[in-house]
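The data block below is final_8.cif; it holds mmCIF, C-alpha atoms.
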data_start
#
loop_
_atom_site.label_atom_id
_atom_site.label_comp_id
_atom_site.auth_asym_id
_atom_site.auth_seq_id
_atom_site.Cartn_x
_atom_site.Cartn_y
_atom_site.Cartn_z
CA MET A 7 54.63 -119.24 -60.31
CA LYS A 8 55.79 -122.06 -58.13
CA GLU A 9 57.22 -119.88 -55.38
CA LYS A 10 55.31 -116.91 -54.00
CA LYS A 11 57.23 -116.02 -50.87
CA LYS A 12 59.59 -113.05 -50.80
CA HIS A 13 63.11 -114.21 -51.51
CA THR A 14 66.28 -112.78 -50.07
CA VAL A 15 68.08 -111.00 -52.86
CA PHE A 16 70.22 -108.24 -51.41
CA VAL A 17 73.51 -109.07 -49.75
CA GLU A 18 75.50 -106.40 -47.89
CA GLY A 19 78.94 -106.18 -49.54
CA PRO A 20 80.48 -108.74 -51.90
CA ILE A 21 79.10 -112.21 -52.61
CA THR A 22 81.82 -114.59 -51.50
CA PRO A 23 82.94 -117.88 -53.09
CA ALA A 24 81.92 -119.58 -49.81
CA PHE A 25 78.38 -118.18 -50.15
CA ILE A 26 78.22 -119.57 -53.69
CA SER A 27 79.49 -123.02 -52.72
CA ALA A 28 76.97 -123.19 -49.85
CA ALA A 29 74.18 -122.41 -52.33
CA ILE A 30 75.41 -125.17 -54.66
CA ALA A 31 75.72 -127.66 -51.79
CA ARG A 32 72.11 -127.01 -50.72
CA HIS A 33 70.96 -128.32 -54.13
CA GLN A 34 72.61 -131.72 -53.91
CA ASP A 35 69.53 -133.30 -52.36
CA LYS A 36 67.34 -131.97 -55.18
CA THR A 37 67.99 -134.99 -57.33
CA GLU A 38 65.54 -134.02 -60.06
CA ILE A 39 68.06 -131.36 -61.11
CA GLY A 40 70.35 -132.23 -64.01
CA ALA A 41 71.81 -128.83 -64.83
CA HIS A 42 72.74 -125.62 -63.05
CA SER A 43 73.48 -122.46 -65.01
CA ILE A 44 75.22 -119.80 -62.94
CA PHE A 45 76.07 -116.22 -63.80
CA LEU A 46 78.48 -114.21 -61.67
CA GLY A 47 79.02 -110.50 -62.19
CA GLN A 48 82.48 -109.47 -61.00
CA VAL A 49 83.53 -105.84 -60.51
CA ARG A 50 85.97 -105.08 -63.33
CA LYS A 51 88.93 -102.76 -62.87
CA ASP A 52 87.93 -100.60 -65.82
CA ILE A 53 90.11 -97.67 -66.79
CA LEU A 54 88.30 -94.33 -67.11
CA GLN A 55 90.36 -91.34 -68.16
CA ALA A 56 93.57 -92.91 -66.84
CA GLN A 57 91.93 -93.75 -63.51
CA GLU A 58 91.12 -97.32 -62.47
CA VAL A 59 87.84 -98.42 -60.92
CA VAL A 60 88.79 -99.71 -57.47
CA ALA A 61 85.27 -100.46 -56.22
CA ILE A 62 81.59 -100.05 -57.01
CA GLU A 63 79.15 -98.88 -54.35
CA TYR A 64 75.69 -100.25 -55.07
CA SER A 65 72.41 -98.68 -53.99
CA ALA A 66 68.84 -99.57 -54.89
CA TYR A 67 65.24 -98.47 -54.65
CA THR A 68 64.81 -101.54 -52.49
CA GLU A 69 61.02 -101.90 -52.37
CA MET A 70 60.64 -101.50 -56.11
CA ALA A 71 63.67 -103.71 -56.82
CA LEU A 72 62.23 -106.55 -54.73
CA GLU A 73 58.96 -106.32 -56.65
CA LYS A 74 60.91 -106.43 -59.92
CA PHE A 75 62.94 -109.43 -58.78
CA THR A 76 59.70 -111.22 -57.88
CA GLU A 77 58.29 -110.39 -61.31
CA ILE A 78 61.47 -111.67 -63.00
CA ARG A 79 61.22 -114.91 -60.99
CA GLU A 80 57.59 -115.42 -61.93
CA LYS A 81 58.20 -114.76 -65.62
CA ALA A 82 61.15 -117.17 -65.61
CA PHE A 83 59.12 -119.97 -63.99
CA ALA A 84 56.32 -119.34 -66.51
CA ALA A 85 58.62 -119.29 -69.55
CA PHE A 86 61.07 -122.07 -68.68
CA ASN A 87 60.81 -125.47 -67.08
CA LEU A 88 62.87 -124.75 -63.96
CA VAL A 89 63.34 -126.50 -60.64
CA CYS A 90 64.94 -123.63 -58.70
CA LEU A 91 65.97 -120.04 -59.14
CA HIS A 92 67.99 -117.84 -56.80
CA ILE A 93 69.18 -114.29 -57.40
CA TYR A 94 71.59 -112.40 -55.12
CA HIS A 95 72.81 -108.83 -55.64
CA SER A 96 75.20 -106.81 -53.52
CA LEU A 97 74.43 -103.50 -51.86
CA GLY A 98 77.20 -101.23 -50.58
CA MET A 99 80.88 -101.45 -51.48
CA VAL A 100 82.24 -104.23 -53.69
CA LYS A 101 85.92 -104.04 -54.63
CA ALA A 102 87.36 -104.80 -58.08
CA GLY A 103 87.67 -108.59 -58.42
CA GLU A 104 84.77 -109.25 -56.04
CA ILE A 105 81.36 -110.56 -57.05
CA SER A 106 78.22 -108.39 -56.96
CA LEU A 107 75.65 -110.53 -58.82
CA PHE A 108 74.91 -114.26 -58.50
CA VAL A 109 72.16 -115.78 -60.61
CA PHE A 110 71.64 -119.49 -59.97
CA VAL A 111 69.20 -121.39 -62.20
CA SER A 112 68.54 -125.13 -61.89
CA ALA A 113 66.51 -127.34 -64.21
CA LYS A 114 66.13 -130.93 -65.25
CA HIS A 115 67.75 -130.16 -68.58
CA ARG A 116 70.61 -127.91 -69.59
CA LYS A 117 68.90 -125.97 -72.37
CA GLU A 118 66.19 -124.61 -70.06
CA ALA A 119 68.67 -123.67 -67.34
CA ILE A 120 71.03 -121.91 -69.75
CA ALA A 121 68.33 -119.99 -71.65
CA ALA A 122 66.60 -118.89 -68.45
CA CYS A 123 69.84 -117.71 -66.83
CA GLU A 124 70.75 -115.54 -69.82
CA ASP A 125 67.27 -114.02 -69.94
CA ILE A 126 67.25 -113.29 -66.20
CA VAL A 127 70.65 -111.58 -66.28
CA GLU A 128 69.51 -109.30 -69.12
CA ARG A 129 66.33 -108.41 -67.24
CA ILE A 130 68.20 -107.64 -64.02
CA LYS A 131 70.51 -105.23 -65.84
CA LYS A 132 67.62 -103.48 -67.66
CA GLU A 133 64.63 -103.62 -65.32
CA VAL A 134 65.79 -103.47 -61.71
CA PRO A 135 66.37 -100.07 -60.03
CA ILE A 136 69.92 -100.58 -58.81
CA TRP A 137 72.77 -98.13 -59.31
CA GLY A 138 76.53 -98.51 -59.15
CA LYS A 139 78.77 -95.66 -58.12
CA GLU A 140 82.28 -96.29 -59.40
CA TRP A 141 85.08 -95.25 -57.07
CA LEU A 142 88.25 -94.39 -58.99
CA THR A 143 91.92 -94.46 -57.99
CA ASP A 144 92.03 -90.71 -57.36
CA GLN A 145 88.96 -90.79 -55.05
CA GLN A 146 86.79 -89.40 -57.84
CA ILE A 147 83.47 -91.08 -58.39
CA ARG A 148 81.45 -91.77 -61.52
CA TRP A 149 78.05 -93.33 -61.97
CA LYS A 150 78.26 -96.69 -63.75
CA ILE A 151 76.61 -97.05 -67.16
CA ASN A 152 75.34 -100.49 -68.19
CA SER A 153 76.10 -101.63 -71.73
CA MET O 109 94.97 -119.84 -78.60
CA LYS O 110 96.24 -118.02 -75.56
CA GLU O 111 97.00 -121.11 -73.53
CA LYS O 112 98.83 -124.06 -75.01
CA LYS O 113 99.70 -126.17 -71.99
CA LYS O 114 97.76 -129.31 -71.12
CA HIS O 115 95.01 -128.49 -68.69
CA THR O 116 93.73 -130.72 -65.96
CA VAL O 117 90.25 -131.80 -66.89
CA PHE O 118 89.51 -135.14 -65.28
CA VAL O 119 88.64 -135.32 -61.61
CA GLU O 120 88.29 -138.67 -59.84
CA GLY O 121 84.76 -138.87 -58.39
CA PRO O 122 82.36 -135.95 -57.93
CA ILE O 123 83.24 -132.28 -58.32
CA THR O 124 82.57 -130.76 -54.89
CA PRO O 125 81.12 -127.32 -54.04
CA ALA O 126 84.43 -126.58 -52.28
CA PHE O 127 86.34 -127.30 -55.50
CA ILE O 128 84.04 -124.89 -57.34
CA SER O 129 84.40 -122.12 -54.78
CA ALA O 130 88.19 -122.49 -54.82
CA ALA O 131 88.14 -122.07 -58.61
CA ILE O 132 85.99 -118.93 -58.28
CA ALA O 133 88.24 -117.50 -55.54
CA ARG O 134 91.34 -117.96 -57.73
CA HIS O 135 89.81 -115.52 -60.24
CA GLN O 136 89.34 -112.59 -57.87
CA ASP O 137 92.75 -111.15 -58.70
CA LYS O 138 91.96 -111.23 -62.42
CA THR O 139 90.38 -107.81 -62.34
CA GLU O 140 89.90 -107.57 -66.11
CA ILE O 141 87.05 -110.10 -65.70
CA GLY O 142 83.51 -108.70 -65.52
CA ALA O 143 81.47 -111.88 -65.99
CA HIS O 144 81.70 -115.57 -65.21
CA SER O 145 79.34 -118.05 -66.84
CA ILE O 146 79.31 -121.42 -65.11
CA PHE O 147 77.62 -124.66 -66.11
CA LEU O 148 77.30 -127.53 -63.66
CA GLY O 149 76.05 -130.94 -64.72
CA GLN O 150 74.46 -132.75 -61.79
CA VAL O 151 73.61 -136.47 -61.83
CA ARG O 152 69.83 -136.64 -62.01
CA LYS O 153 67.87 -139.38 -60.26
CA ASP O 154 66.10 -140.41 -63.47
CA ILE O 155 63.53 -143.16 -63.37
CA LEU O 156 64.07 -145.97 -65.90
CA GLN O 157 61.48 -148.76 -65.94
CA ALA O 158 60.51 -148.11 -62.33
CA GLN O 159 64.15 -148.10 -61.22
CA GLU O 160 65.96 -144.97 -60.08
CA VAL O 161 69.43 -143.94 -61.19
CA VAL O 162 71.51 -143.92 -58.01
CA ALA O 163 74.87 -143.10 -59.60
CA ILE O 164 76.68 -142.72 -62.89
CA GLU O 165 80.09 -144.30 -63.42
CA TYR O 166 82.06 -142.30 -65.97
CA SER O 167 84.81 -143.66 -68.19
CA ALA O 168 86.68 -142.04 -71.07
CA TYR O 169 89.11 -142.65 -73.88
CA THR O 170 91.39 -140.36 -71.94
CA GLU O 171 94.07 -139.54 -74.52
CA MET O 172 91.53 -138.72 -77.22
CA ALA O 173 89.29 -136.84 -74.76
CA LEU O 174 92.16 -134.60 -73.66
CA GLU O 175 92.93 -133.76 -77.30
CA LYS O 176 89.26 -132.95 -77.83
CA PHE O 177 89.13 -130.74 -74.72
CA THR O 178 92.21 -128.87 -76.01
CA GLU O 179 90.54 -128.41 -79.40
CA ILE O 180 87.34 -127.15 -77.71
CA ARG O 181 89.41 -124.66 -75.67
CA GLU O 182 91.23 -123.38 -78.72
CA LYS O 183 88.04 -122.97 -80.73
CA ALA O 184 86.40 -121.12 -77.84
CA PHE O 185 89.32 -118.68 -77.48
CA ALA O 186 89.27 -118.12 -81.26
CA ALA O 187 85.49 -117.56 -81.44
CA PHE O 188 84.87 -115.55 -78.26
CA ASN O 189 86.70 -112.79 -76.44
CA LEU O 190 87.51 -114.72 -73.25
CA VAL O 191 89.86 -114.15 -70.36
CA CYS O 192 89.82 -117.68 -68.87
CA LEU O 193 88.31 -121.07 -69.49
CA HIS O 194 88.38 -124.14 -67.27
CA ILE O 195 86.65 -127.46 -67.83
CA TYR O 196 86.43 -130.26 -65.27
CA HIS O 197 84.74 -133.64 -65.78
CA SER O 198 84.41 -136.53 -63.37
CA LEU O 199 85.69 -140.04 -63.93
CA GLY O 200 84.48 -142.98 -61.83
CA MET O 201 81.41 -142.99 -59.61
CA VAL O 202 79.26 -139.90 -59.12
CA LYS O 203 76.08 -140.29 -57.06
CA ALA O 204 72.70 -138.72 -57.85
CA GLY O 205 72.78 -135.08 -56.70
CA GLU O 206 76.54 -134.79 -57.14
CA ILE O 207 78.26 -132.77 -59.87
CA SER O 208 80.10 -134.41 -62.77
CA LEU O 209 80.76 -131.48 -65.12
CA PHE O 210 81.99 -127.96 -64.33
CA VAL O 211 82.51 -125.49 -67.17
CA PHE O 212 83.84 -122.12 -66.02
CA VAL O 213 84.09 -119.32 -68.57
CA SER O 214 85.30 -115.80 -67.73
CA ALA O 215 85.25 -112.73 -69.95
CA LYS O 216 85.26 -108.97 -69.77
CA HIS O 217 81.62 -108.89 -70.84
CA ARG O 218 78.66 -111.10 -70.05
CA LYS O 219 77.51 -111.85 -73.60
CA GLU O 220 80.81 -113.44 -74.59
CA ALA O 221 81.01 -115.50 -71.40
CA ILE O 222 77.43 -116.76 -71.69
CA ALA O 223 77.57 -117.61 -75.40
CA ALA O 224 80.92 -119.39 -75.06
CA CYS O 225 79.76 -121.43 -72.07
CA GLU O 226 76.69 -122.71 -73.89
CA ASP O 227 78.71 -123.62 -76.98
CA ILE O 228 81.36 -125.44 -74.93
CA VAL O 229 78.78 -127.51 -73.01
CA GLU O 230 77.16 -128.63 -76.28
CA ARG O 231 80.54 -129.61 -77.73
CA ILE O 232 81.53 -131.56 -74.64
CA LYS O 233 78.33 -133.61 -74.81
CA LYS O 234 78.70 -134.30 -78.56
CA GLU O 235 82.42 -134.46 -79.28
CA VAL O 236 84.26 -135.86 -76.28
CA PRO O 237 84.64 -139.65 -75.87
CA ILE O 238 83.23 -140.05 -72.38
CA TRP O 239 80.63 -142.60 -71.33
CA GLY O 240 78.30 -142.81 -68.38
CA LYS O 241 77.15 -146.14 -66.98
CA GLU O 242 73.95 -145.62 -64.99
CA TRP O 243 73.65 -147.71 -61.83
CA LEU O 244 70.01 -148.38 -60.95
CA THR O 245 68.31 -149.12 -57.64
CA ASP O 246 68.18 -152.86 -58.31
CA GLN O 247 71.91 -153.06 -59.13
CA GLN O 248 71.13 -153.22 -62.84
CA ILE O 249 73.18 -151.01 -65.11
CA ARG O 250 72.33 -149.12 -68.26
CA TRP O 251 74.49 -147.04 -70.58
CA LYS O 252 73.51 -143.38 -70.48
CA ILE O 253 72.17 -141.77 -73.66
CA ASN O 254 72.74 -138.03 -74.17
CA SER O 255 69.82 -135.99 -75.46
CA MET Q 292 45.78 -80.03 -49.56
CA MET Q 293 47.33 -82.95 -51.40
CA LYS Q 294 50.72 -84.22 -50.40
CA ILE Q 295 53.03 -86.51 -52.41
CA ASN Q 296 56.31 -88.17 -51.47
CA LEU Q 297 59.41 -87.76 -53.61
CA LEU Q 298 62.36 -90.13 -53.77
CA ALA Q 299 65.56 -89.54 -55.73
CA PHE Q 300 68.34 -92.01 -56.45
CA GLY Q 301 71.86 -92.10 -57.84
CA GLN Q 302 73.02 -89.08 -59.84
CA ILE Q 303 69.51 -87.55 -59.56
CA ALA Q 304 69.87 -87.33 -55.78
CA ASP Q 305 73.27 -85.69 -56.37
CA ILE Q 306 71.38 -82.94 -58.27
CA THR Q 307 68.39 -82.55 -55.97
CA GLY Q 308 70.58 -82.66 -52.87
CA GLN Q 309 67.94 -84.72 -51.10
CA ALA Q 310 66.78 -88.30 -51.46
CA ASN Q 311 63.41 -88.12 -49.73
CA TRP Q 312 61.05 -85.14 -49.44
CA GLN Q 313 57.45 -84.06 -49.87
CA LEU Q 314 55.59 -81.69 -52.18
CA GLN Q 315 52.05 -80.33 -52.04
CA ASP Q 316 49.36 -79.73 -54.62
CA ILE Q 317 50.96 -81.28 -57.67
CA MET Q 318 48.22 -82.41 -60.07
CA ASP Q 319 50.13 -84.84 -62.22
CA THR Q 320 53.62 -85.98 -63.22
CA ASP Q 321 53.92 -83.44 -66.06
CA ALA Q 322 53.37 -80.64 -63.54
CA LEU Q 323 55.86 -82.30 -61.20
CA ILE Q 324 58.53 -82.45 -63.90
CA GLN Q 325 58.03 -78.75 -64.73
CA LEU Q 326 58.41 -77.84 -61.08
CA LEU Q 327 61.55 -79.97 -60.70
CA TYR Q 328 63.07 -78.47 -63.85
CA SER Q 329 62.54 -74.98 -62.43
CA GLN Q 330 64.00 -75.95 -59.05
CA TYR Q 331 66.90 -78.05 -60.41
CA PRO Q 332 67.77 -76.90 -63.98
CA ALA Q 333 70.54 -79.52 -64.21
CA LEU Q 334 67.80 -82.17 -64.37
CA LYS Q 335 67.00 -81.02 -67.91
CA GLU Q 336 70.38 -82.35 -69.02
CA THR Q 337 69.95 -85.65 -67.20
CA GLU Q 338 68.25 -88.87 -68.23
CA PHE Q 339 65.74 -90.20 -65.71
CA SER Q 340 62.48 -92.14 -65.46
CA LEU Q 341 59.60 -91.81 -63.03
CA ALA Q 342 58.00 -94.53 -60.98
CA VAL Q 343 54.68 -93.85 -59.28
CA ASN Q 344 54.09 -96.19 -56.34
CA LYS Q 345 56.94 -98.44 -57.57
CA LYS Q 346 55.61 -98.76 -61.15
CA LEU Q 347 57.47 -97.14 -64.04
CA ILE Q 348 55.28 -94.73 -65.97
CA HIS Q 349 55.63 -93.89 -69.64
CA SER Q 350 53.19 -90.98 -69.99
CA ASN Q 351 51.58 -88.31 -67.81
CA CYS Q 352 49.99 -89.71 -64.68
CA VAL Q 353 47.49 -88.02 -62.33
CA LEU Q 354 48.76 -87.96 -58.75
CA GLN Q 355 46.80 -88.68 -55.60
CA GLN Q 356 47.28 -88.03 -51.90
CA GLU Q 357 50.28 -89.96 -50.50
CA ASP Q 358 51.49 -91.20 -53.86
CA THR Q 359 55.22 -91.85 -53.95
CA VAL Q 360 57.05 -90.63 -57.03
CA ALA Q 361 60.62 -91.87 -57.54
CA LEU Q 362 63.15 -90.19 -59.84
CA LEU Q 363 65.25 -92.97 -61.31
CA PRO Q 364 68.44 -92.50 -63.32
CA PRO Q 365 69.35 -95.27 -65.81
CA PHE Q 366 69.77 -98.56 -63.97
CA SER Q 367 73.29 -99.93 -63.61
CA GLY Q 368 72.99 -103.03 -61.46
CA GLY Q 369 74.87 -106.27 -62.04
CA MET I 258 103.35 -158.80 -90.62
CA MET I 259 101.35 -155.72 -89.77
CA LYS I 260 99.99 -155.29 -86.25
CA ILE I 261 97.28 -152.89 -85.11
CA ASN I 262 95.99 -152.05 -81.63
CA LEU I 263 92.32 -152.24 -80.80
CA LEU I 264 90.55 -150.35 -78.02
CA ALA I 265 86.90 -150.78 -77.04
CA PHE I 266 84.85 -148.59 -74.69
CA GLY I 267 81.48 -148.60 -72.97
CA GLN I 268 78.86 -150.98 -74.25
CA ILE I 269 81.19 -152.03 -77.11
CA ALA I 270 83.68 -153.42 -74.61
CA ASP I 271 80.77 -155.29 -72.99
CA ILE I 272 80.25 -157.02 -76.35
CA THR I 273 83.89 -157.67 -77.27
CA GLY I 274 84.69 -158.82 -73.74
CA GLN I 275 88.03 -157.03 -73.95
CA ALA I 276 89.03 -153.38 -73.93
CA ASN I 277 92.52 -153.60 -75.39
CA TRP I 278 93.93 -156.18 -77.86
CA GLN I 279 95.86 -156.56 -81.09
CA LEU I 280 95.10 -157.84 -84.56
CA GLN I 281 97.35 -158.66 -87.49
CA ASP I 282 97.20 -158.06 -91.23
CA ILE I 283 94.12 -155.89 -91.42
CA MET I 284 94.34 -153.73 -94.55
CA ASP I 285 91.81 -151.05 -93.72
CA THR I 286 88.92 -150.16 -91.44
CA ASP I 287 86.29 -151.72 -93.71
CA ALA I 288 88.12 -155.06 -93.44
CA LEU I 289 88.39 -154.55 -89.67
CA ILE I 290 84.66 -153.98 -89.33
CA GLN I 291 83.88 -157.13 -91.35
CA LEU I 292 86.19 -159.17 -89.11
CA LEU I 293 84.65 -157.70 -85.93
CA TYR I 294 81.11 -158.38 -87.20
CA SER I 295 82.03 -162.02 -87.79
CA GLN I 296 83.67 -162.35 -84.37
CA TYR I 297 81.00 -160.37 -82.45
CA PRO I 298 77.69 -160.50 -84.33
CA ALA I 299 76.02 -158.32 -81.63
CA LEU I 300 78.09 -155.39 -82.93
CA LYS I 301 75.87 -155.30 -86.03
CA GLU I 302 73.00 -154.19 -83.82
CA THR I 303 75.06 -151.56 -82.02
CA GLU I 304 75.89 -148.00 -82.93
CA PHE I 305 79.57 -147.15 -82.80
CA SER I 306 82.19 -144.95 -84.45
CA LEU I 307 85.84 -145.58 -85.17
CA ALA I 308 88.79 -143.43 -84.25
CA VAL I 309 92.17 -144.10 -85.86
CA ASN I 310 95.00 -142.70 -83.77
CA LYS I 311 92.52 -140.62 -81.76
CA LYS I 312 90.84 -139.05 -84.82
CA LEU I 313 87.27 -139.95 -85.70
CA ILE I 314 86.98 -141.35 -89.22
CA HIS I 315 83.92 -141.05 -91.43
CA SER I 316 84.91 -143.34 -94.35
CA ASN I 317 87.23 -146.27 -95.01
CA CYS I 318 90.79 -145.68 -93.84
CA VAL I 319 93.94 -147.65 -94.75
CA LEU I 320 95.71 -148.99 -91.65
CA GLN I 321 99.42 -148.98 -90.93
CA GLN I 322 101.73 -150.77 -88.52
CA GLU I 323 100.99 -149.80 -84.88
CA ASP I 324 97.89 -147.80 -85.69
CA THR I 325 95.42 -147.68 -82.83
CA VAL I 326 91.78 -148.17 -83.73
CA ALA I 327 89.19 -147.35 -81.06
CA LEU I 328 85.59 -148.59 -81.12
CA LEU I 329 83.47 -145.81 -79.65
CA PRO I 330 79.81 -146.08 -78.67
CA PRO I 331 77.77 -142.84 -78.67
CA PHE I 332 79.29 -140.34 -76.25
CA SER I 333 77.40 -139.67 -73.05
CA GLY I 334 79.59 -137.37 -71.00
CA GLY I 335 78.36 -134.42 -68.99
#
Would you write the structure of this file as structure tokens?
Amino acid sequence: MKEKKKHTVFVEGPITPAFISAAIARHQDKTEIGAHSIFLGQVRKDILQAQEVVAIEYSAYTEMALEKFTEIREKAFAAFNLVCLHIYHSLGMVKAGEISLFVFVSAKHRKEAIAACEDIVERIKKEVPIWGKEWLTDQQIRWKINS
Amino acid sequence: MKEKKKHTVFVEGPITPAFISAAIARHQDKTEIGAHSIFLGQVRKDILQAQEVVAIEYSAYTEMALEKFTEIREKAFAAFNLVCLHIYHSLGMVKAGEISLFVFVSAKHRKEAIAACEDIVERIKKEVPIWGKEWLTDQQIRWKINS
Amino acid sequence: MMKINLLAFGQIADITGQANWQLQDIMDTDALIQLLYSQYPALKETEFSLAVNKKLIHSNCVLQQEDTVALLPPFSGG
Amino acid sequence: MMKINLLAFGQIADITGQANWQLQDIMDTDALIQLLYSQYPALKETEFSLAVNKKLIHSNCVLQQEDTVALLPPFSGG
């Protein structure tokens, strides 16, 4: 539990490539890092009953979600030898092709970074109260189901 | 073996955050993608006999390395259900804190992207004829050893 | 008179028609669920979990003044 | 007269003092290694692999005109 402060997680709208590169650039003076493992969730243009998903609108039980994200952080720092961990998730509308989840794990060694990143992504999908409403081509909506 | 053409792999000097964000941005019109798994190798300021590593100078047996990268690509597309795969590795000088390896795997689903990325990183470290010469604080050099 | 706060999210809020309301004199979460089922029969066909004061619960839970109970459909973040 | 091309990389090139040269009338890779050991005794203390025409070899390999043999220290990319 190296870091106790509340971390910014929620981003209004899509997470942009420029946001991601700025996050990477901020780690270039942390010269004890040897490996970054990054996961990006991109909104997929799924086809549901002949209709395409054009966007996902994300909502969350924000207070509980932030507690869960803090718990996920603390478990990751306890289980893996990490230098840094940042998690960003979109709220609101994110169009197909845009990014809604950015998990950024940095460690001295690659195996720790990779294993932690995978574990964190699974926990976010299962444990954090966030919902995606899928907007379809014909203006219908459907609630997203995680696999 | 979806893609047969020779792919650019070697980058002269460090791989910049701007290069990475441009690669991510180019995938936003590939709306069949749901997950990107990215690995970044960053030059770590290791301490060797009281001297710090200030940079790594990479060299390669280029022709053989490019064949190996092609083989790694083909095996990854055969083993995992991927949409895209890009690998970039630095040649020449890369300072501590800068990035020398960028593996970028995209798939419909996260599990395939994550598993493929890990496998590819391991293969690159073990199978590709690239060497790192570590430049230390006192101008001494040492050949890097992969763990 | 004991008051609790209710929150509903996602497809559950679509059913309840409100995302944030209050109820009085509910002893525990089992009693709450029975009341909600009678008010919103469609909930019986719908998967959801309960969180009391931001913690998921897995069995009946006694409620106290000003507790916040959230009705949470299956998570689909990421 | 059979000619082969030699390539050396990394710490092996530090020992051989050249990265790219030719040798004549070397039957196979075992004979090549014996010749290199006699010319550069420090190689005996050094771990390296051989690639013939860009393919790693794991046992003795007969050499042919214009084959390229590369002396490869342990890889350390990434």
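When the PyMOL selection byres ((chain I and resi 279) around 6) is run on the displayed coordinates, the residues it returns are Ile261, Asn262, Leu263, Trp278 and Leu280 of chain I.
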### Task
In the coordinate frame of the file, compute which residues have an atom within 10 Å of (89.1, -140.7, -86.0) when using all atoms listed in the file, and state them as a VMD selection string.
(chain O and resid 172) or (chain I and resid 306 to 316 318 325 to 329)
**Prompt:** Evaluating the PyMOL selection byres ((chain I and resi 285) around 7) on the displayed file yields which residues, as a PyMOL selection string?
**Reply:** chain I and resi 283-284+286-289+317-320
Run the PyMOL selection byres ((chain I) within 6 of (chain O)) mentally over the shown coordinates, then write out the matched residues as a tab-separated table (two decimals) with C-alpha atoms, in the coordinates of the input, using the chain letters and numbers from the document.
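Writing the result to expr.tsv gives the following:
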chain	number	residue	atom	x	y	z
I	311	LYS	CA	92.52	-140.62	-81.76
I	332	PHE	CA	79.29	-140.34	-76.25
I	333	SER	CA	77.40	-139.67	-73.05
I	334	GLY	CA	79.59	-137.37	-71.00
I	335	GLY	CA	78.36	-134.42	-68.99
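The shell of residues at most 6 Å from I:Lys260, with only C-alpha atoms counted and near chain neighbours (fewer than 3 positions) removed, consists of Leu280, Gln281, Gln322 and Glu323 of chain I.
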Residues of chain O at most 6 Å from chain A: nearest atom pair and distance in Å, all atoms listed in the file, as JSON lines:
{"residue": "O:Pro125", "atom": "CA", "partner": "A:Ser27", "partner_atom": "CA", "distance": 4.8}
{"residue": "O:Ser129", "atom": "CA", "partner": "A:Pro23", "partner_atom": "CA", "distance": 4.8}
{"residue": "O:Ala133", "atom": "CA", "partner": "A:Pro23", "partner_atom": "CA", "distance": 5.9}
{"residue": "O:Gln136", "atom": "CA", "partner": "A:Gly103", "partner_atom": "CA", "distance": 4.4}
{"residue": "O:Asp137", "atom": "CA", "partner": "A:Gly103", "partner_atom": "CA", "distance": 5.7}
{"residue": "O:Thr139", "atom": "CA", "partner": "A:Gly103", "partner_atom": "CA", "distance": 4.8}
{"residue": "O:Glu140", "atom": "CA", "partner": "A:Arg50", "partner_atom": "CA", "distance": 5.4}
{"residue": "O:Ile141", "atom": "CA", "partner": "A:Arg50", "partner_atom": "CA", "distance": 5.7}
{"residue": "O:Gly142", "atom": "CA", "partner": "A:Gln48", "partner_atom": "CA", "distance": 4.7}
{"residue": "O:Ala143", "atom": "CA", "partner": "A:Gly47", "partner_atom": "CA", "distance": 4.7}
{"residue": "O:His144", "atom": "CA", "partner": "A:Leu46", "partner_atom": "CA", "distance": 5.0}
{"residue": "O:Ser145", "atom": "CA", "partner": "A:Phe45", "partner_atom": "CA", "distance": 4.8}
{"residue": "O:Ile146", "atom": "CA", "partner": "A:Ile44", "partner_atom": "CA", "distance": 4.9}
{"residue": "O:Phe147", "atom": "CA", "partner": "A:Ser43", "partner_atom": "CA", "distance": 4.8}
{"residue": "O:Leu148", "atom": "CA", "partner": "A:His42", "partner_atom": "CA", "distance": 5.0}
{"residue": "O:Gly149", "atom": "CA", "partner": "A:Ala41", "partner_atom": "CA", "distance": 4.7}
{"residue": "O:Gln150", "atom": "CA", "partner": "A:Gly40", "partner_atom": "CA", "distance": 4.7}
{"residue": "O:Val151", "atom": "CA", "partner": "A:Gly40", "partner_atom": "CA", "distance": 5.8}
{"residue": "O:Arg152", "atom": "CA", "partner": "A:Gly40", "partner_atom": "CA", "distance": 4.9}
{"residue": "O:Lys153", "atom": "CA", "partner": "A:Thr37", "partner_atom": "CA", "distance": 5.3}
{"residue": "O:Gly205", "atom": "CA", "partner": "A:Gln34", "partner_atom": "CA", "distance": 4.4}
{"residue": "O:Glu206", "atom": "CA", "partner": "A:Gln34", "partner_atom": "CA", "distance": 5.9}
A straight line from atom CA of Q:Phe339 to atom CA of Q:Met293 spans 24.4 Å
Correct to one decimal, the distance atom CA of Q:Gly301-atom CA of Q:Ala333 is 14.2 Å
Students should find that atom CA of O:Val117 and atom CA of I:Gln275 are spaced 26.3 Å
Next on the checklist: Applying 7 Å and all atoms listed in the file, which residues near O:Gln159 remain after dropping the ones on its own chain fewer than 5 positions away? List them as a list in words.
Outcome noted: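 Counting only the stated atoms, we get Leu244, Thr245 and Asp246 of chain O.
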Go ahead and save the residues from that selection, with C-alpha atoms, as a short mmCIF file (atom, residue, chain, number, x, y, z; two decimals), in the coordinates of the input.
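Below is the file that was written, selection.cif:
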data_model
loop_
_atom_site.label_atom_id
_atom_site.label_comp_id
_atom_site.auth_asym_id
_atom_site.auth_seq_id
_atom_site.Cartn_x
_atom_site.Cartn_y
_atom_site.Cartn_z
CA LEU O 244 70.01 -148.38 -60.95
CA THR O 245 68.31 -149.12 -57.64
CA ASP O 246 68.18 -152.86 -58.31
#
